[in-house]
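J.: Could you have a look at this structure, given as structure tokens, before my questions?
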Amino acid sequence: MKLYNSFIAVLAAVFSGITVIMAAFGVEQLDAYFTAYTLALLILTTLYVSFSPRARRALSTVGLVAFAGFMVIVAIEIVEILSGR
Amino acid sequence: MSKSKLNKNPYYRLGVILVVSGAILAPVFYLILESVPLSALGISMIILGLVSSMLAGSRPDITPEASQMMLISGIQNLASLLEELGLRSRAIYLPSQEGEGRPRALIPLQENGAVPKNTGKLPERLVARYGPGMHDIGLVVTTPGSVSLDGVGIEPGGGYEQIEGALNNILVGIMDLADSVSANISNGRVVVNITKPRLKYENIWFYRCLGSPMASIAATAASQALSSPVRIDREEKTRKGLKIELEVLE
């Protein structure tokens with residue numbers, strides 16, 4: 001499946017690129033990396049229009065899990081801001 | 001997909017390897033090496049693994065290779081039939097009738113005859129009469145595109161916007177026959193551009209009658225989406241791939 005191979009390869013390249021760029025800028029927060037990965041995954045899934053509805057549903061599940069993780073990070077940040085830490 | 005089938009799937013195996021490696025490496029990098037970028041790389045491995053294993057479950061039940069083999073054998077059988085009957089007229093792709101059954105193609109017996117208009121409901125048989133005239137008889141066949149539309153989100157009369165999405169799903173996502181497909185409509189013609197097609201055009205009887213397999217699939221999708229009869233006007237090779245022009249007959 002050329003389409004699946006290309007999606008996985010592009011996603012791996014984008015994740016590696018994000019890690020290298022953020023490391024070069026000295027980012028030391030793990031949540032920042034996770035947020036960037038989630039955004040990259042959601043954007044790439046949207047850009048690959050040729051996926052069958054079944055594949056799209058499967059990728060939406062992963063996107064949803066990643067988005068849930070992102071929301072947890074946001075919630076923690078909000079709690080930290082409100083508690084003044 | 002059953003569990004044993006899933007275990008043999010290369011995407012599932014890759015997914016499991018990536019998730020397990022990521023789950024081991026991320027805490028090691030974070031707690032022992034105290035490196036945030038390397039830990040992040042471990043998390044990215046977990047995400048990539050989840051993507052790969054989820055894609056394994058959504059792989060078509062029939063592999064693209066098997067789909068291509070069945071497509072070619074179907075074409076060869078139909079080509080033999082057309083050649084034996086000596087039919088030369090270009091096929092007219094009809095949408096499914098009143099939302100029932102599959103879309104089919106009508107090959108009029110008379111070459112260069114008048115284009116059949118308002119064919120009504122054609123009988124479910126190979127040789128059918130489509131008009132009141134003596135010679136208004138044609139062959140009604142199920143084309144490769146008719147079957148491939150199953151399970152693809154295309155509604156009869158759903159509009160031309162559905163053509164591109166459906167063709168991308170079939171030709172790129174399911175059959176792996178091309179890199180991408182674009183479609184646009186102007187002056188009653190649908191122009192479909194296929195990038196890097198992986199089926200070569202052959203000058204065989206079938207292609208002259210029903211068009212190449214990819215043009216046939218495009219015509220079926222267009223006739224279904226527009227709910228109108230469609231005929232393949234021409235096909236030409238371009239620098240990027242294949243350009244198909246479809247004539248909408250109503």
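Chain labels run A, B, ... following the order of the structure tokens; each chain numbers its residues from 1, and ligands are numbered from 1 in the order shown.
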Could you list, with a cut-off of 9 Å and counting only C-alpha atoms, the residues of stretch 137-156 of chain B near stretch 224-246 of chain B, each shown with its nearest atom pair and the distance in Å rounded to one decimal, rows sorted by chain and ascending number, as a Markdown table?
T.:
| residue | atom | partner | partner_atom | distance |
| --- | --- | --- | --- | --- |
| B:Ile154 | CA | B:Ala225 | CA | 6.4 |
| B:Glu155 | CA | B:Ala225 | CA | 6.1 |
| B:Pro156 | CA | B:Gln224 | CA | 5.0 |
J.: Excluding B:Ile217 and any residue of its chain fewer than 2 positions from it, enumerate the residues within 12 Å of it, using only C-alpha atoms, and give them as an MDAnalysis selection string.
T.: chainID B and resid 71 93 103:105 142:150 163:164 166:171 175 177 181 192 194 210:215 219:224 230:232 244 246
J.: For the residues in that selection, give me C-alpha atoms as a short mmCIF file (atom, residue, chain, number, x, y, z; two decimals), in the first residue's frame.
T.:
data_model
loop_
_atom_site.label_atom_id
_atom_site.label_comp_id
_atom_site.auth_asym_id
_atom_site.auth_seq_id
_atom_site.Cartn_x
_atom_site.Cartn_y
_atom_site.Cartn_z
CA LEU B 71 -9.70 -6.15 -12.67
CA TYR B 93 -22.20 4.73 -18.75
CA PRO B 103 -24.48 1.46 -12.41
CA ARG B 104 -23.93 -0.25 -15.77
CA ALA B 105 -22.67 0.52 -19.25
CA THR B 142 -21.26 -4.34 -15.46
CA THR B 143 -17.94 -2.49 -15.67
CA PRO B 144 -14.97 -2.51 -13.28
CA GLY B 145 -16.12 0.86 -11.99
CA SER B 146 -19.60 -0.42 -11.14
CA VAL B 147 -18.28 -2.86 -8.56
CA SER B 148 -15.57 -0.56 -7.23
CA LEU B 149 -18.17 2.05 -6.24
CA ASP B 150 -19.44 -0.31 -3.53
CA ILE B 163 -16.41 12.60 -8.20
CA GLU B 164 -12.91 13.62 -7.11
CA ALA B 166 -14.68 8.90 -4.84
CA LEU B 167 -12.00 8.49 -7.51
CA ASN B 168 -9.23 9.26 -5.03
CA ASN B 169 -10.69 6.66 -2.68
CA ILE B 170 -10.91 3.96 -5.36
CA LEU B 171 -7.84 4.57 -7.53
CA MET B 175 -6.63 -0.12 -5.73
CA LEU B 177 -3.46 2.42 -9.23
CA VAL B 181 -6.78 12.20 -9.03
CA VAL B 192 -10.29 13.92 -14.88
CA ILE B 194 -4.79 11.05 -13.05
CA LEU B 210 -15.33 0.96 -22.80
CA GLY B 211 -12.17 3.03 -22.40
CA SER B 212 -9.18 2.13 -20.24
CA PRO B 213 -10.01 0.62 -16.82
CA MET B 214 -9.27 3.94 -15.13
CA ALA B 215 -11.41 5.89 -17.60
CA ALA B 219 -17.02 7.44 -16.15
CA THR B 220 -18.98 5.22 -13.77
CA ALA B 221 -18.28 7.51 -10.80
CA ALA B 222 -19.22 10.60 -12.86
CA SER B 223 -22.47 9.09 -14.16
CA GLN B 224 -23.44 8.04 -10.65
CA VAL B 230 -21.78 9.69 -19.52
CA ARG B 231 -19.54 8.74 -22.45
CA ILE B 232 -15.75 8.73 -22.57
CA ILE B 244 -9.71 11.72 -19.42
CA LEU B 246 -16.04 12.65 -20.23
#
J.: Up to 8 Å from chain B, what residues of chain A turn up? Count only C-alpha atoms and give them as a PDB file with N, CA and C atoms, in the first residue's frame.
T.:
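Output file part.pdb is given in full below:
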ATOM      1  N   MET A   1       0.842  -1.190   0.000  1.00  0.00           N
ATOM      2  CA  MET A   1       0.000   0.000   0.000  1.00  0.00           C
ATOM      3  C   MET A   1       0.886   1.252   0.000  1.00  0.00           C
ATOM      4  N   LYS A   2       1.021   1.817  -1.194  1.00  0.00           N
ATOM      5  CA  LYS A   2       1.897   2.970  -1.359  1.00  0.00           C
ATOM      6  C   LYS A   2       1.431   4.158  -0.504  1.00  0.00           C
ATOM      7  N   LEU A   3       0.114   4.312  -0.420  1.00  0.00           N
ATOM      8  CA  LEU A   3      -0.454   5.453   0.309  1.00  0.00           C
ATOM      9  C   LEU A   3      -0.133   5.369   1.804  1.00  0.00           C
ATOM     10  N   TYR A   4      -0.313   4.183   2.388  1.00  0.00           N
ATOM     11  CA  TYR A   4      -0.040   3.992   3.817  1.00  0.00           C
ATOM     12  C   TYR A   4       1.462   4.181   4.086  1.00  0.00           C
ATOM     13  N   ILE A   8       3.048   6.999   6.597  1.00  0.00           N
ATOM     14  CA  ILE A   8       3.886   6.669   7.760  1.00  0.00           C
ATOM     15  C   ILE A   8       5.275   7.300   7.614  1.00  0.00           C
ATOM     16  N   LEU A  11       5.001  11.091   8.113  1.00  0.00           N
ATOM     17  CA  LEU A  11       4.752  11.385   9.536  1.00  0.00           C
ATOM     18  C   LEU A  11       6.033  11.208  10.354  1.00  0.00           C
ATOM     19  N   ALA A  12       6.783  10.149  10.058  1.00  0.00           N
ATOM     20  CA  ALA A  12       8.056   9.916  10.767  1.00  0.00           C
ATOM     21  C   ALA A  12       9.036  11.060  10.493  1.00  0.00           C
ATOM     22  N   PHE A  15       7.823  14.220  12.377  1.00  0.00           N
ATOM     23  CA  PHE A  15       8.105  14.089  13.821  1.00  0.00           C
ATOM     24  C   PHE A  15       9.597  14.315  14.108  1.00  0.00           C
ATOM     25  N   SER A  16      10.449  13.709  13.279  1.00  0.00           N
ATOM     26  CA  SER A  16      11.896  13.876  13.472  1.00  0.00           C
ATOM     27  C   SER A  16      12.280  15.335  13.271  1.00  0.00           C
ATOM     28  N   THR A  19      11.273  17.395  16.246  1.00  0.00           N
ATOM     29  CA  THR A  19      12.174  17.137  17.403  1.00  0.00           C
ATOM     30  C   THR A  19      13.503  17.883  17.216  1.00  0.00           C
ATOM     31  N   VAL A  20      14.079  17.781  16.011  1.00  0.00           N
ATOM     32  CA  VAL A  20      15.385  18.425  15.754  1.00  0.00           C
ATOM     33  C   VAL A  20      15.263  19.941  15.894  1.00  0.00           C
ATOM     34  N   MET A  22      12.931  21.784  17.475  1.00  0.00           N
ATOM     35  CA  MET A  22      12.635  22.225  18.846  1.00  0.00           C
ATOM     36  C   MET A  22      13.833  22.024  19.772  1.00  0.00           C
ATOM     37  N   ALA A  23      14.567  20.934  19.533  1.00  0.00           N
ATOM     38  CA  ALA A  23      15.778  20.710  20.351  1.00  0.00           C
ATOM     39  C   ALA A  23      16.822  21.789  20.055  1.00  0.00           C
ATOM     40  N   GLU A  28      12.584  22.633  26.348  1.00  0.00           N
ATOM     41  CA  GLU A  28      12.803  21.586  27.359  1.00  0.00           C
ATOM     42  C   GLU A  28      11.499  21.079  27.975  1.00  0.00           C
ATOM     43  N   GLN A  29      10.354  21.495  27.401  1.00  0.00           N
ATOM     44  CA  GLN A  29       9.063  21.022  27.953  1.00  0.00           C
ATOM     45  C   GLN A  29       8.546  19.879  27.073  1.00  0.00           C
ATOM     46  N   LEU A  30       8.292  18.762  27.710  1.00  0.00           N
ATOM     47  CA  LEU A  30       7.812  17.578  26.989  1.00  0.00           C
ATOM     48  C   LEU A  30       6.417  17.831  26.394  1.00  0.00           C
ATOM     49  N   TYR A  33       6.480  19.426  22.927  1.00  0.00           N
ATOM     50  CA  TYR A  33       6.757  18.444  21.853  1.00  0.00           C
ATOM     51  C   TYR A  33       5.478  17.677  21.512  1.00  0.00           C
ATOM     52  N   PHE A  34       4.774  17.244  22.571  1.00  0.00           N
ATOM     53  CA  PHE A  34       3.560  16.444  22.357  1.00  0.00           C
ATOM     54  C   PHE A  34       2.502  17.248  21.596  1.00  0.00           C
ATOM     55  N   TYR A  37       3.486  17.396  17.951  1.00  0.00           N
ATOM     56  CA  TYR A  37       3.245  16.096  17.283  1.00  0.00           C
ATOM     57  C   TYR A  37       1.740  15.937  16.976  1.00  0.00           C
ATOM     58  N   VAL A  49      -6.126  13.214   1.420  1.00  0.00           N
ATOM     59  CA  VAL A  49      -7.555  13.099   1.078  1.00  0.00           C
ATOM     60  C   VAL A  49      -7.928  11.732   0.486  1.00  0.00           C
ATOM     61  N   SER A  50      -6.908  10.960   0.063  1.00  0.00           N
ATOM     62  CA  SER A  50      -7.203   9.707  -0.646  1.00  0.00           C
ATOM     63  C   SER A  50      -7.535   8.528   0.271  1.00  0.00           C
ATOM     64  N   PHE A  51      -7.420   8.714   1.572  1.00  0.00           N
ATOM     65  CA  PHE A  51      -7.713   7.600   2.477  1.00  0.00           C
ATOM     66  C   PHE A  51      -9.171   7.164   2.364  1.00  0.00           C
ATOM     67  N   SER A  52      -9.381   5.877   2.479  1.00  0.00           N
ATOM     68  CA  SER A  52     -10.749   5.352   2.446  1.00  0.00           C
ATOM     69  C   SER A  52     -11.452   5.783   3.739  1.00  0.00           C
ATOM     70  N   PRO A  53     -12.784   5.797   3.746  1.00  0.00           N
ATOM     71  CA  PRO A  53     -13.489   6.196   4.976  1.00  0.00           C
ATOM     72  C   PRO A  53     -13.067   5.358   6.192  1.00  0.00           C
ATOM     73  N   ARG A  54     -12.749   4.068   5.945  1.00  0.00           N
ATOM     74  CA  ARG A  54     -12.320   3.175   7.038  1.00  0.00           C
ATOM     75  C   ARG A  54     -10.989   3.631   7.633  1.00  0.00           C
ATOM     76  N   ALA A  55     -10.036   3.934   6.756  1.00  0.00           N
ATOM     77  CA  ALA A  55      -8.719   4.392   7.211  1.00  0.00           C
ATOM     78  C   ALA A  55      -8.847   5.736   7.921  1.00  0.00           C
ATOM     79  N   ALA A  58     -10.052   5.212  11.377  1.00  0.00           N
ATOM     80  CA  ALA A  58      -8.987   4.673  12.232  1.00  0.00           C
ATOM     81  C   ALA A  58      -8.033   5.782  12.656  1.00  0.00           C
ATOM     82  N   LEU A  59      -7.673   6.636  11.702  1.00  0.00           N
ATOM     83  CA  LEU A  59      -6.747   7.729  12.019  1.00  0.00           C
ATOM     84  C   LEU A  59      -7.407   8.757  12.936  1.00  0.00           C
ATOM     85  N   VAL A  62      -6.851   7.727  16.503  1.00  0.00           N
ATOM     86  CA  VAL A  62      -5.519   8.094  17.028  1.00  0.00           C
ATOM     87  C   VAL A  62      -5.474   9.603  17.286  1.00  0.00           C
ATOM     88  N   ALA A  66      -4.681  11.500  20.778  1.00  0.00           N
ATOM     89  CA  ALA A  66      -3.638  12.536  20.875  1.00  0.00           C
ATOM     90  C   ALA A  66      -4.250  13.859  21.322  1.00  0.00           C
TER      91      ALA A  66
END
J.: Would you please extract all helix (DSSP H, G or I) residues from stretch 58-182 of chain B, as assigned by DSSP on the backbone, and give them as a PDB file with N, CA and C atoms, in the first residue's frame?
T.:
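Written output follows (result.pdb):
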ATOM      1  N   PRO B  64      -4.533  -4.605  -2.841  1.00  0.00           N
ATOM      2  CA  PRO B  64      -4.536  -3.910  -4.128  1.00  0.00           C
ATOM      3  C   PRO B  64      -4.052  -4.807  -5.268  1.00  0.00           C
ATOM      4  N   GLU B  65      -3.089  -5.693  -4.965  1.00  0.00           N
ATOM      5  CA  GLU B  65      -2.557  -6.596  -6.000  1.00  0.00           C
ATOM      6  C   GLU B  65      -3.659  -7.537  -6.488  1.00  0.00           C
ATOM      7  N   ALA B  66      -4.434  -8.098  -5.530  1.00  0.00           N
ATOM      8  CA  ALA B  66      -5.531  -8.997  -5.894  1.00  0.00           C
ATOM      9  C   ALA B  66      -6.608  -8.235  -6.667  1.00  0.00           C
ATOM     10  N   SER B  67      -6.903  -6.988  -6.229  1.00  0.00           N
ATOM     11  CA  SER B  67      -7.892  -6.158  -6.939  1.00  0.00           C
ATOM     12  C   SER B  67      -7.471  -5.953  -8.381  1.00  0.00           C
ATOM     13  N   GLN B  68      -6.159  -5.662  -8.575  1.00  0.00           N
ATOM     14  CA  GLN B  68      -5.652  -5.423  -9.936  1.00  0.00           C
ATOM     15  C   GLN B  68      -5.756  -6.674 -10.792  1.00  0.00           C
ATOM     16  N   MET B  69      -5.446  -7.841 -10.183  1.00  0.00           N
ATOM     17  CA  MET B  69      -5.523  -9.097 -10.939  1.00  0.00           C
ATOM     18  C   MET B  69      -6.956  -9.372 -11.380  1.00  0.00           C
ATOM     19  N   MET B  70      -7.904  -9.154 -10.441  1.00  0.00           N
ATOM     20  CA  MET B  70      -9.307  -9.407 -10.764  1.00  0.00           C
ATOM     21  C   MET B  70      -9.809  -8.418 -11.813  1.00  0.00           C
ATOM     22  N   LEU B  71      -9.323  -7.184 -11.701  1.00  0.00           N
ATOM     23  CA  LEU B  71      -9.703  -6.149 -12.669  1.00  0.00           C
ATOM     24  C   LEU B  71      -9.251  -6.548 -14.073  1.00  0.00           C
ATOM     25  N   ILE B  72      -8.002  -7.004 -14.183  1.00  0.00           N
ATOM     26  CA  ILE B  72      -7.453  -7.370 -15.487  1.00  0.00           C
ATOM     27  C   ILE B  72      -8.157  -8.601 -16.054  1.00  0.00           C
ATOM     28  N   SER B  73      -8.419  -9.614 -15.196  1.00  0.00           N
ATOM     29  CA  SER B  73      -9.091 -10.810 -15.714  1.00  0.00           C
ATOM     30  C   SER B  73     -10.516 -10.475 -16.155  1.00  0.00           C
ATOM     31  N   GLY B  74     -11.199  -9.600 -15.424  1.00  0.00           N
ATOM     32  CA  GLY B  74     -12.539  -9.159 -15.806  1.00  0.00           C
ATOM     33  C   GLY B  74     -12.524  -8.462 -17.150  1.00  0.00           C
ATOM     34  N   ILE B  75     -11.527  -7.604 -17.340  1.00  0.00           N
ATOM     35  CA  ILE B  75     -11.395  -6.859 -18.596  1.00  0.00           C
ATOM     36  C   ILE B  75     -11.155  -7.810 -19.758  1.00  0.00           C
ATOM     37  N   GLN B  76     -10.275  -8.791 -19.540  1.00  0.00           N
ATOM     38  CA  GLN B  76      -9.950  -9.729 -20.632  1.00  0.00           C
ATOM     39  C   GLN B  76     -11.172 -10.551 -21.043  1.00  0.00           C
ATOM     40  N   ASN B  77     -11.981 -10.959 -20.066  1.00  0.00           N
ATOM     41  CA  ASN B  77     -13.206 -11.711 -20.382  1.00  0.00           C
ATOM     42  C   ASN B  77     -14.188 -10.857 -21.184  1.00  0.00           C
ATOM     43  N   LEU B  78     -14.356  -9.614 -20.732  1.00  0.00           N
ATOM     44  CA  LEU B  78     -15.273  -8.704 -21.410  1.00  0.00           C
ATOM     45  C   LEU B  78     -14.752  -8.359 -22.810  1.00  0.00           C
ATOM     46  N   ALA B  79     -13.421  -8.202 -22.915  1.00  0.00           N
ATOM     47  CA  ALA B  79     -12.803  -7.885 -24.220  1.00  0.00           C
ATOM     48  C   ALA B  79     -13.054  -9.019 -25.205  1.00  0.00           C
ATOM     49  N   SER B  80     -12.946 -10.269 -24.735  1.00  0.00           N
ATOM     50  CA  SER B  80     -13.182 -11.431 -25.614  1.00  0.00           C
ATOM     51  C   SER B  80     -14.619 -11.417 -26.124  1.00  0.00           C
ATOM     52  N   LEU B  81     -15.557 -11.110 -25.224  1.00  0.00           N
ATOM     53  CA  LEU B  81     -16.975 -11.083 -25.591  1.00  0.00           C
ATOM     54  C   LEU B  81     -17.242  -9.997 -26.637  1.00  0.00           C
ATOM     55  N   LEU B  82     -16.690  -8.800 -26.388  1.00  0.00           N
ATOM     56  CA  LEU B  82     -16.911  -7.682 -27.313  1.00  0.00           C
ATOM     57  C   LEU B  82     -16.291  -7.971 -28.678  1.00  0.00           C
ATOM     58  N   GLU B  83     -15.107  -8.579 -28.655  1.00  0.00           N
ATOM     59  CA  GLU B  83     -14.394  -8.883 -29.889  1.00  0.00           C
ATOM     60  C   GLU B  83     -15.175  -9.925 -30.702  1.00  0.00           C
ATOM     61  N   GLU B  84     -15.702 -10.915 -29.984  1.00  0.00           N
ATOM     62  CA  GLU B  84     -16.455 -11.983 -30.634  1.00  0.00           C
ATOM     63  C   GLU B  84     -17.719 -11.430 -31.290  1.00  0.00           C
ATOM     64  N   LEU B  85     -18.347 -10.458 -30.626  1.00  0.00           N
ATOM     65  CA  LEU B  85     -19.586  -9.868 -31.158  1.00  0.00           C
ATOM     66  C   LEU B  85     -19.300  -8.778 -32.198  1.00  0.00           C
ATOM     67  N   PRO B 144     -15.788  -2.486 -14.506  1.00  0.00           N
ATOM     68  CA  PRO B 144     -14.966  -2.507 -13.278  1.00  0.00           C
ATOM     69  C   PRO B 144     -15.363  -1.408 -12.301  1.00  0.00           C
ATOM     70  N   GLY B 145     -15.744  -0.265 -12.844  1.00  0.00           N
ATOM     71  CA  GLY B 145     -16.121   0.863 -11.986  1.00  0.00           C
ATOM     72  C   GLY B 145     -17.389   0.605 -11.201  1.00  0.00           C
ATOM     73  N   SER B 146     -18.309  -0.166 -11.799  1.00  0.00           N
ATOM     74  CA  SER B 146     -19.600  -0.419 -11.138  1.00  0.00           C
ATOM     75  C   SER B 146     -19.389  -1.091  -9.794  1.00  0.00           C
ATOM     76  N   VAL B 147     -18.511  -2.097  -9.791  1.00  0.00           N
ATOM     77  CA  VAL B 147     -18.278  -2.862  -8.562  1.00  0.00           C
ATOM     78  C   VAL B 147     -17.434  -2.045  -7.583  1.00  0.00           C
ATOM     79  N   SER B 148     -16.471  -1.292  -8.121  1.00  0.00           N
ATOM     80  CA  SER B 148     -15.569  -0.563  -7.227  1.00  0.00           C
ATOM     81  C   SER B 148     -16.264   0.577  -6.489  1.00  0.00           C
ATOM     82  N   GLU B 161     -19.026  17.360  -7.017  1.00  0.00           N
ATOM     83  CA  GLU B 161     -18.017  17.469  -5.943  1.00  0.00           C
ATOM     84  C   GLU B 161     -17.632  16.078  -5.429  1.00  0.00           C
ATOM     85  N   GLN B 162     -18.531  15.117  -5.594  1.00  0.00           N
ATOM     86  CA  GLN B 162     -18.262  13.766  -5.075  1.00  0.00           C
ATOM     87  C   GLN B 162     -17.326  12.970  -5.976  1.00  0.00           C
ATOM     88  N   ILE B 163     -17.187  13.403  -7.238  1.00  0.00           N
ATOM     89  CA  ILE B 163     -16.415  12.605  -8.201  1.00  0.00           C
ATOM     90  C   ILE B 163     -14.953  12.474  -7.756  1.00  0.00           C
ATOM     91  N   GLU B 164     -14.338  13.624  -7.458  1.00  0.00           N
ATOM     92  CA  GLU B 164     -12.914  13.621  -7.110  1.00  0.00           C
ATOM     93  C   GLU B 164     -12.626  12.769  -5.873  1.00  0.00           C
ATOM     94  N   GLY B 165     -13.435  12.954  -4.840  1.00  0.00           N
ATOM     95  CA  GLY B 165     -13.240  12.199  -3.596  1.00  0.00           C
ATOM     96  C   GLY B 165     -13.385  10.700  -3.825  1.00  0.00           C
ATOM     97  N   ALA B 166     -14.433  10.327  -4.586  1.00  0.00           N
ATOM     98  CA  ALA B 166     -14.681   8.898  -4.837  1.00  0.00           C
ATOM     99  C   ALA B 166     -13.545   8.292  -5.661  1.00  0.00           C
ATOM    100  N   LEU B 167     -13.088   9.029  -6.674  1.00  0.00           N
ATOM    101  CA  LEU B 167     -12.003   8.492  -7.515  1.00  0.00           C
ATOM    102  C   LEU B 167     -10.692   8.379  -6.743  1.00  0.00           C
ATOM    103  N   ASN B 168     -10.433   9.346  -5.870  1.00  0.00           N
ATOM    104  CA  ASN B 168      -9.231   9.258  -5.026  1.00  0.00           C
ATOM    105  C   ASN B 168      -9.309   8.044  -4.120  1.00  0.00           C
ATOM    106  N   ASN B 169     -10.505   7.816  -3.565  1.00  0.00           N
ATOM    107  CA  ASN B 169     -10.694   6.658  -2.682  1.00  0.00           C
ATOM    108  C   ASN B 169     -10.432   5.351  -3.419  1.00  0.00           C
ATOM    109  N   ILE B 170     -11.011   5.230  -4.634  1.00  0.00           N
ATOM    110  CA  ILE B 170     -10.914   3.965  -5.360  1.00  0.00           C
ATOM    111  C   ILE B 170      -9.513   3.781  -5.957  1.00  0.00           C
ATOM    112  N   LEU B 171      -9.086   4.755  -6.761  1.00  0.00           N
ATOM    113  CA  LEU B 171      -7.838   4.566  -7.529  1.00  0.00           C
ATOM    114  C   LEU B 171      -6.573   4.688  -6.677  1.00  0.00           C
ATOM    115  N   VAL B 172      -6.615   5.558  -5.669  1.00  0.00           N
ATOM    116  CA  VAL B 172      -5.414   5.757  -4.838  1.00  0.00           C
ATOM    117  C   VAL B 172      -5.510   4.940  -3.548  1.00  0.00           C
ATOM    118  N   GLY B 173      -6.632   5.080  -2.848  1.00  0.00           N
ATOM    119  CA  GLY B 173      -6.752   4.454  -1.526  1.00  0.00           C
ATOM    120  C   GLY B 173      -6.963   2.956  -1.556  1.00  0.00           C
ATOM    121  N   ILE B 174      -7.827   2.459  -2.453  1.00  0.00           N
ATOM    122  CA  ILE B 174      -8.153   1.028  -2.433  1.00  0.00           C
ATOM    123  C   ILE B 174      -7.319   0.235  -3.429  1.00  0.00           C
TER     124      ILE B 174
END
J.: Please list as a ChimeraX atom specification every residue within 12 Å of A:Leu47, counting only C-alpha atoms and excluding residues in the same chain fewer than 4 positions away.
T.: /A:7,10-11,40-43,51,56
J.: Keeping only C-alpha atoms, write those residues as a JSON list (two decimals), in the first residue's frame.
T.:
[["chain", "number", "residue", "atom", "x", "y", "z"],
["A", 7, "PHE", "CA", 1.79, 8.51, 5.18],
["A", 10, "VAL", "CA", 6.05, 11.46, 5.95],
["A", 11, "LEU", "CA", 4.75, 11.39, 9.54],
["A", 40, "ALA", "CA", 1.30, 17.54, 12.83],
["A", 41, "LEU", "CA", -0.75, 14.34, 12.97],
["A", 42, "LEU", "CA", -4.07, 16.17, 12.63],
["A", 43, "ILE", "CA", -2.80, 18.34, 9.75],
["A", 51, "PHE", "CA", -7.71, 7.60, 2.48],
["A", 56, "ARG", "CA", -9.90, 7.91, 7.99]]
J.: May I ask which of the residues A:Ala13, A:Thr35, A:Val27, A:Ser6 is the closest one to A:Val72, counting only C-alpha atoms?
T.: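 With only C-alpha atoms as the atom set, the closest residue is A:Thr35.
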J.: Suppose you want the space between atom CA of B:Val248 and atom CA of B:Gly188; what is it in Å?
T.: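 Interatomic distance, atom CA of B:Val248 to atom CA of B:Gly188: 5.6 Å.
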